[in-house]
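Written out below as structure tokens is the structure these notes cover.
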Amino acid sequence: MLVNDRRTSAFAQSADESVAAQILALCIASHHSGLIDCVDPDGTDKFSRRMLKVDSESHYDEARSRAERLVIERSRKLLDDPNLVSCVQQIILKVCENDQNETIRRYMIGLLARFLFSCLIDADRTDTADFTRPSSATLRPHGRYDGWDTLANRLERSLEEFPCKNNVDELRRQVAARCMDASDRSKGVFTLTVPTGGGKTLASLRFALNHAARWKMDRVIYVIPYTSIIDQNADVVRKILEPEGSEFSSIVLEHHSNLTPVKETWRSKVLSETWDAPVVFTTTVQLLESLFGGGTRSVRRMHQLANAVLIFDEVQTLPVRCVHLFNNAMNFLVEECGSSVLLCTATQPLLHDVDKSKGALRLRGDAELMRDVPSLFTGLKRVEALYCRKPGGWTYTEAAGLAISEMQACGSSLVVVNTKAAARSIFELCRADAGSVPVFHLSTSMCPAHRKRTLRKICRLLKRKHPRPVICVSTQLIEAGVDIDFGAVIRSLAGLDSITQAAGRCNRHGKREIGHVRIINLAEEFLHSLKDIQAGQEAAQRVLDEYVGSEGGQVIDLQNPEIIRRYFQYYFFSRAKEMDYPVDSKRAERDDTLLNMLGENLMAVNECRMPPPFHLRQSFMTAADAFEAIEAPSQGVIVPYSKAGEDIIAELCSAFEIKKQFSLLKRSQQFSVNVFPNVMRTLQHAQALHEAQEGTGILYLEKRFYSEEFGLSGTVTGDMEMLHV
């Protein structure tokens with residue numbers, strides 16, 4: 001029995017072998033379906049019902065009698081090992097010492113069950129795959145990687161080759177040096193607060209490789225919010241860590257939905273199932289699914305997060321409703337699984353300052369890797385931001401006029417807005433009035449292949465020895481991780497984190513004495529259906545009014561960390577009730593929160609006719625089914641962009657083999673656009689959508705509804721040519 005003191009709960013005090021027994025039974029009973037509900041939302045005792053099945057249903061006696069003798073003996077030996085129970089007891093005691101809240105304590109023990117479930121699922125699936133396809137076994141390194149010292153030395157040689165042409169380059173070197181110095185610190189939760197363009201990607205990798213070497217850790221996992229930038233960052237790191245002659249993905253493994261067929265080899269497919277690689281690049285969605293998602297596919301990777309360095313790039317993009325789930329999970333991985341977490345951003349979102357009774361991130365005392373963040377921001381100041389508020393707001397015509405005048409004054413200009421409608425309107429106005437100057441549009445109405453091609457065109461024009469004048473009008477997709485450098489940026493009012501990211505595309509490499517950023521309030525931009533952006537805009541408006549007043553033409557210091565801190569205080573305060581992931585009866589049978597359902601689950605337990613006779617009472621499966629990393633009720637539509645897109649559609653319409661369809665669908669991700677219900681209805685009414693094959697649900701768009709300039713449209717954009725297949 002555990003020590004009985006004031007800090008332990010009744011749960012901890014009664015944590016005898018029955019807790020370990022329930023966890024093991026839960027994992028075994030769930031290995032086909034995903035973790036089952038112990039108590040479901042209506043109060044049904046699902047765990048007992050599953051455990052007390054009559055033998056005619058469970059066939060337990062038959063299975064036991066037919067099991068191999070060695071299996072039975074090995075099982076008995078493991079179950080009789082006193083460490084089995086004592087390890088569970090020790091973890092429960094440690095959890096109860098770290099957290100005083102019973103919901104969080106039980107949430108943590110639920111994570112322990114999910115962690116062990118992950119181990120079981122991975123072992124089971126790996127053994128099965130290697131038995132049915134022996135060639136798979138030869139592709140698995142099983143942790144036999146190039147040593148951390150070898151990888152760190154490759155990075156050092158690459159960093160030494162970087163030129164130091166100006167003050168920005170020198171400050172990037174200082175950032176990387178501080179990350180190196182901090183890598184000796186013991187494990188924990190760290191922050192890396194560096195302005196956009198400060199070299200966070202390689203600096204954080206320098207910390208991670210050396211930290212992993214110092215503490216004998218298993219892998220580095222780089223978590224990026226957007227698929228639009230992940231392959232760019234992974235390519236940079238791969239060129240450094242995988243020398244010429246290395247097998248592709250032997251060191252740097254990418255796992256995300258935007259992979260091209262060239263990058264996704266059979267080997268990388270096998271390793272993506274388990275994240276069995278020294279350096280993994282993945283998305284926030286994949287990471288959150290491994291921690292909270294349903295079924296068995298994603299949870300299989302959860303145990304690979306143990307004894308790992310987790311780097312979160314642009315962590316401020318974490319969905320607000322996931323804050324407490326995320327914070328508690330990171331605390332679990334650090335305190336119980338021996339991992340380290342590094343939060344990278346120019347705008348730290350104060351995850352350690354949220355409601356501690358529901359779970360705040362526990363930072364180290366020396367968490368920040370930079371010695372003097374304010375001085376660093378001052379040293380890397382490359383822009384002057386002007387708050388150009390107008391009574392009644394800026395019209396689209398006025399915004400386009402500002403973009404043209406800024407281009408004429410600074411050589412190039414970028415306009416970043418909050419909606420696709422605003423981006424298209426301002427783009428068309430600029431194109432009409434900019435004369436011979438190239439005007440480009442970027443939004444998620446364009447498929448990934450289209451966006452990448454457009455960005456390459458813009459970069460070529462801007463990177464010339466004598467750059468050409470350019471105007472680009474974009475939604476916020478250009479703000480994170482895109483290495484592009486405009487002379488001026490105009491940002492429609494949004495959250496200060498978004499404004500700061502947009503400013504990072506201005507004078508990015510310090511080639512000019514100062515870049516110009518203009519913050520404007522658009523009169524015609526409607527955000528009623530964009531709750532996150534609207535909340536950020538309102539919090540930013542409050543901070544801007546406090547610091548520079550509501551008058552137009554005032555300078556705002558975007559490099560001031562105190563301003564960002566104030567912004568997140570307002571932003572989080574206004575949305576505190578959303579942070580424990582509320583769900584309604586449509587998704588979880590009752591109005592509740594996922595934090596509660598994965599913790600004490602009191603509402604469900606109170607519905608029980610008698611108290612459940614076991615320790616874990618969570619509604620695991622219901623919570624997992626309700627969880628969505630991204631709340632986006634959209635549907636993918638394949639678009640006929642370029643001959644490659646048209647060819648994929650034609651092949652899908654004629655491919656009847658499942659294997660070939662799957663391969664084509666992977667290729668089609670580069671030529672797909674996610675369409676929201678209102679636009680979907682418009683396209684269906686216009687008869688612009690067709691099913692590739694009846695009953696497949698795979699939709700493609702008629703060519704005349706896709707523009708080479710701004711992508712998918714609800715109206716005809718080109719000639720009346722039909723796509724014949």
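For the structure tokens, the naming scheme is as follows: chains receive sequential letters (A, B, ...) according to their order of presentation, residues are indexed from 1 within each chain, and ligands are indexed from 1 in presentation order.
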
- Message: For the strand (DSSP E) assignment from backbone DSSP, which residues of range 382-466 of chain A qualify? Please present them as a PyMOL selection string.
- Response: chain A and resi 383-387+412-416+439-442

Given the selection you just returned, output its residues as a file containing C-alpha atoms, formatted as a compact mmCIF listing (two decimals), in the first residue's frame.
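out39.txt was written with the following content:
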# COMPACT_ATOMS: atom_id res chain seq x y z
CA VAL A 383 10.72 46.83 -38.93
CA GLU A 384 8.70 49.77 -37.72
CA ALA A 385 5.03 48.94 -37.16
CA LEU A 386 2.39 51.63 -37.54
CA TYR A 387 -1.15 51.24 -36.21
CA SER A 412 7.63 45.16 -52.82
CA SER A 413 4.62 44.75 -50.57
CA LEU A 414 2.70 41.94 -48.90
CA VAL A 415 -0.91 42.26 -47.79
CA VAL A 416 -2.09 39.67 -45.23
CA VAL A 439 0.46 40.77 -58.45
CA PHE A 440 0.06 37.39 -56.76
CA HIS A 441 -2.65 35.79 -54.65
CA LEU A 442 -2.26 33.09 -51.97

- Item | Asn560 in chain A surroundings by only C-alpha atoms, 9 Å radius, close-in-sequence under 6 positions cut, as a PyMOL selection string | chain A and resi 374+377-378

Output N, CA and C atoms of each residue in that selection to a file, as a compact mmCIF listing (two decimals), in the first residue's frame.
# COMPACT_ATOMS: atom_id res chain seq x y z
N PRO A 374 14.41 40.66 -24.06
CA PRO A 374 14.15 42.01 -24.57
C PRO A 374 15.30 42.56 -25.42
N PHE A 377 15.27 40.93 -28.88
CA PHE A 377 14.24 41.49 -29.76
C PHE A 377 14.65 42.88 -30.26
N THR A 378 15.27 43.66 -29.39
CA THR A 378 15.74 44.98 -29.81
C THR A 378 16.83 44.85 -30.88

- Item | Residue set, range 527-596 of chain A restricted to helix (DSSP H, G or I), as a VMD selection string | chain A and resid 531 to 548 561 to 574 576 to 578 585 to 588 594 to 596

- Message: Give me the residues near Ala367 in chain A as a list in words, where near means some atom within 9 Å (using only C-alpha atoms) and where sequence neighbours in that chain fewer than 2 positions away do not count.
- Response: Gly188, Val189, Phe190, Thr191, Leu192, Leu342, Leu363, Arg364, Gly365 and Leu369 of chain A

- Identify which of the residues A:Val679, A:Val309, A:Ala432, A:Ala650 lies closest to Ala213 in chain A, counting only C-alpha atoms when measuring atom-to-atom distances. A:Val309

- Message: Could you check the closest approach to Ala421 in chain A for each of A:Phe710, A:Thr132, A:Pro469, A:Gly697 and tell me which residue wins, using only C-alpha atoms?
- Response: A:Phe710
